[in-house]
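What follows is one structure encoded as structure tokens, with my remarks underneath.
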Amino acid sequence: MKLKPIIQELRAHCPGFEGRVFGVGTFSRLDESVAAELLPAAFVIPVSEDPAVINRYKQQVRFNFAVILMVANTEDEQGLTAWEKSVDLKKEVFQAILGADDIQAGRDWIQFESLTVLDLNRAALTVQLDFSCQYEISDNETRHGGDIDRLGRFLRMYTDVDVIGDKGRPDGQIEAKMHINLEQEK
């Protein structure tokens with residue numbers, strides 16, 4: 001699932017971040033020396049995809065992603081001010097994406113799953129908000145669907161008919177040939 005639309009929603013609807021919402025690439029380059037004036041910030045990262053088999057060509061997939069909040073922890077050593085700020089930011093995140101769906105993209109409702117404190121040091125508090133949503137892999141997105149599409153339309157059928165003989169099985173003699181035209185007359 002694409003995360004750019006979620007990043008855009010957070011930038012548009014979470015004023016507390018002042019536009020500082022980024023993807024996984026930016027998060028992977030962070031370290032403890034992040035300047036307090038660059039915080040708070042959010043990072044949207046993929047976590048996992050868990051498929052459930054419906055049949056061989058169709059699957060429901062649970063997509064799990066996280067919004068990581070990083071809040072400056074410079075006002076008090078216990079991190080209470082940073083925690084309070086993270087609670088306010090969590091509310092903004094919920095208002096921006098919780099319950100959102102994108103039917104055209106095939107994604108179901110975004111649901112909140114959990115909150116985890118990843119780190120608290122003298123520079124910042126880092127909190128991970130876990131979310132999930134479902135989407136479906138349909139036949140037209142698989143190799144099987146492509147193979148079926150390449151077959152073309154089923155327009156006519158030719159078949160040989162071997163009548164079941166006295167012994168309860170076909171005798172190997174073709175008694176009739178059939179041609180069935182499935183094209184509709186115009």
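Ordered as shown in the structure tokens, chains take letters A, B, and onward, while each chain numbers its residues from 1 and ligands are numbered from 1 in the order shown.
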Every residue of chain A that DSSP places in strand (DSSP E), as a count of residues only = 68
Env of stretch 64-74 of chain A: 8 Å cut, atoms = only C-alpha atoms, seq-sep filter 3 positions within chain, self excluded. Answer as a PDB file with C-alpha atoms, in the first residue's frame.
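Output below, filename selection-v2.pdb:
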ATOM      1  CA  ALA A  36      14.881  20.368  19.133  1.00  0.00           C
ATOM      2  CA  LEU A  39      10.642  18.748  16.382  1.00  0.00           C
ATOM      3  CA  PRO A  40       7.928  17.691  16.685  1.00  0.00           C
ATOM      4  CA  ALA A  41       7.997  15.546  13.583  1.00  0.00           C
ATOM      5  CA  ALA A  42       6.214  12.444  12.332  1.00  0.00           C
ATOM      6  CA  PHE A  43       7.447   9.554  10.206  1.00  0.00           C
ATOM      7  CA  VAL A  44       5.184   7.144   8.355  1.00  0.00           C
ATOM      8  CA  ILE A  45       6.702   3.701   7.903  1.00  0.00           C
ATOM      9  CA  PRO A  46       5.450   0.347   6.621  1.00  0.00           C
ATOM     10  CA  VAL A  47       5.499  -2.431   9.223  1.00  0.00           C
ATOM     11  CA  SER A  48       4.058  -5.596   7.663  1.00  0.00           C
ATOM     12  CA  GLU A  49       1.469  -7.154   5.406  1.00  0.00           C
ATOM     13  CA  GLU A  77      14.087  15.622  32.488  1.00  0.00           C
ATOM     14  CA  GLY A  79       9.664  13.786  29.862  1.00  0.00           C
ATOM     15  CA  THR A  81       5.934  17.811  28.887  1.00  0.00           C
ATOM     16  CA  ALA A  82       7.056  15.748  25.892  1.00  0.00           C
ATOM     17  CA  LYS A  85       2.694  17.049  23.624  1.00  0.00           C
ATOM     18  CA  SER A  86       2.713  13.527  22.136  1.00  0.00           C
ATOM     19  CA  LEU A  89      -0.240  15.129  18.476  1.00  0.00           C
ATOM     20  CA  LEU A 120      12.961   8.595  25.772  1.00  0.00           C
ATOM     21  CA  ASN A 121      16.273  10.384  26.109  1.00  0.00           C
ATOM     22  CA  ARG A 122      17.378  13.910  26.981  1.00  0.00           C
ATOM     23  CA  ALA A 123      16.764  15.067  23.410  1.00  0.00           C
ATOM     24  CA  ALA A 124      13.448  13.508  22.417  1.00  0.00           C
ATOM     25  CA  LEU A 125      10.523  11.239  23.156  1.00  0.00           C
ATOM     26  CA  THR A 126       9.767   8.796  20.344  1.00  0.00           C
ATOM     27  CA  VAL A 127       6.329   7.166  20.258  1.00  0.00           C
ATOM     28  CA  GLN A 128       5.060   4.662  17.693  1.00  0.00           C
ATOM     29  CA  LEU A 129       1.358   4.635  16.777  1.00  0.00           C
ATOM     30  CA  ASP A 130       0.432   1.410  14.979  1.00  0.00           C
ATOM     31  CA  PHE A 131      -2.391   1.357  12.431  1.00  0.00           C
ATOM     32  CA  SER A 132      -3.830  -1.195  10.058  1.00  0.00           C
ATOM     33  CA  CYS A 133      -6.155  -1.360   7.094  1.00  0.00           C
TER      34      CYS A 133
END
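Closest approach to A:Glu136 from the set A:Lys90, A:Gly16, A:Ile97, A:Asp108 is made by A:Asp108, with distances taken over only C-alpha atoms.
Between A:Asp119 and the residues A:Tyr57, A:Gln173, A:Glu75, A:Trp83, the shortest atom-to-atom distance, using only C-alpha atoms, involves A:Trp83.
Closest approach to A:Gln8 among A:Met178, A:Ala96, A:Leu80, A:Thr116: A:Ala96, based on only C-alpha atoms.
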request  = Enter the distance from atom CA of A:Phe22 to atom CA of A:Trp109, in Å, rounded to one decimal.
outcome  =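 Calculated distance between atom CA of A:Phe22 and atom CA of A:Trp109 is 21.8 Å.
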key: Pairwise distance for atom CA of A:Arg20 and atom CA of A:Lys2, rounded to one decimal in Å   =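 Rounded to one decimal, the two atoms are 18.7 Å apart.
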request  = List every residue of chain A that DSSP, applied to the backbone, labels as alpha helix (DSSP H), and write the result as a PyMOL selection string.
outcome  = chain A and resi 4-13+24-28+80-97+143-151
message = Rounded to one decimal, what separation in Å do you get between atom CA of A:Ile180 and atom CA of A:Leu151?
response =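 These two atoms are separated by 18.1 Å.
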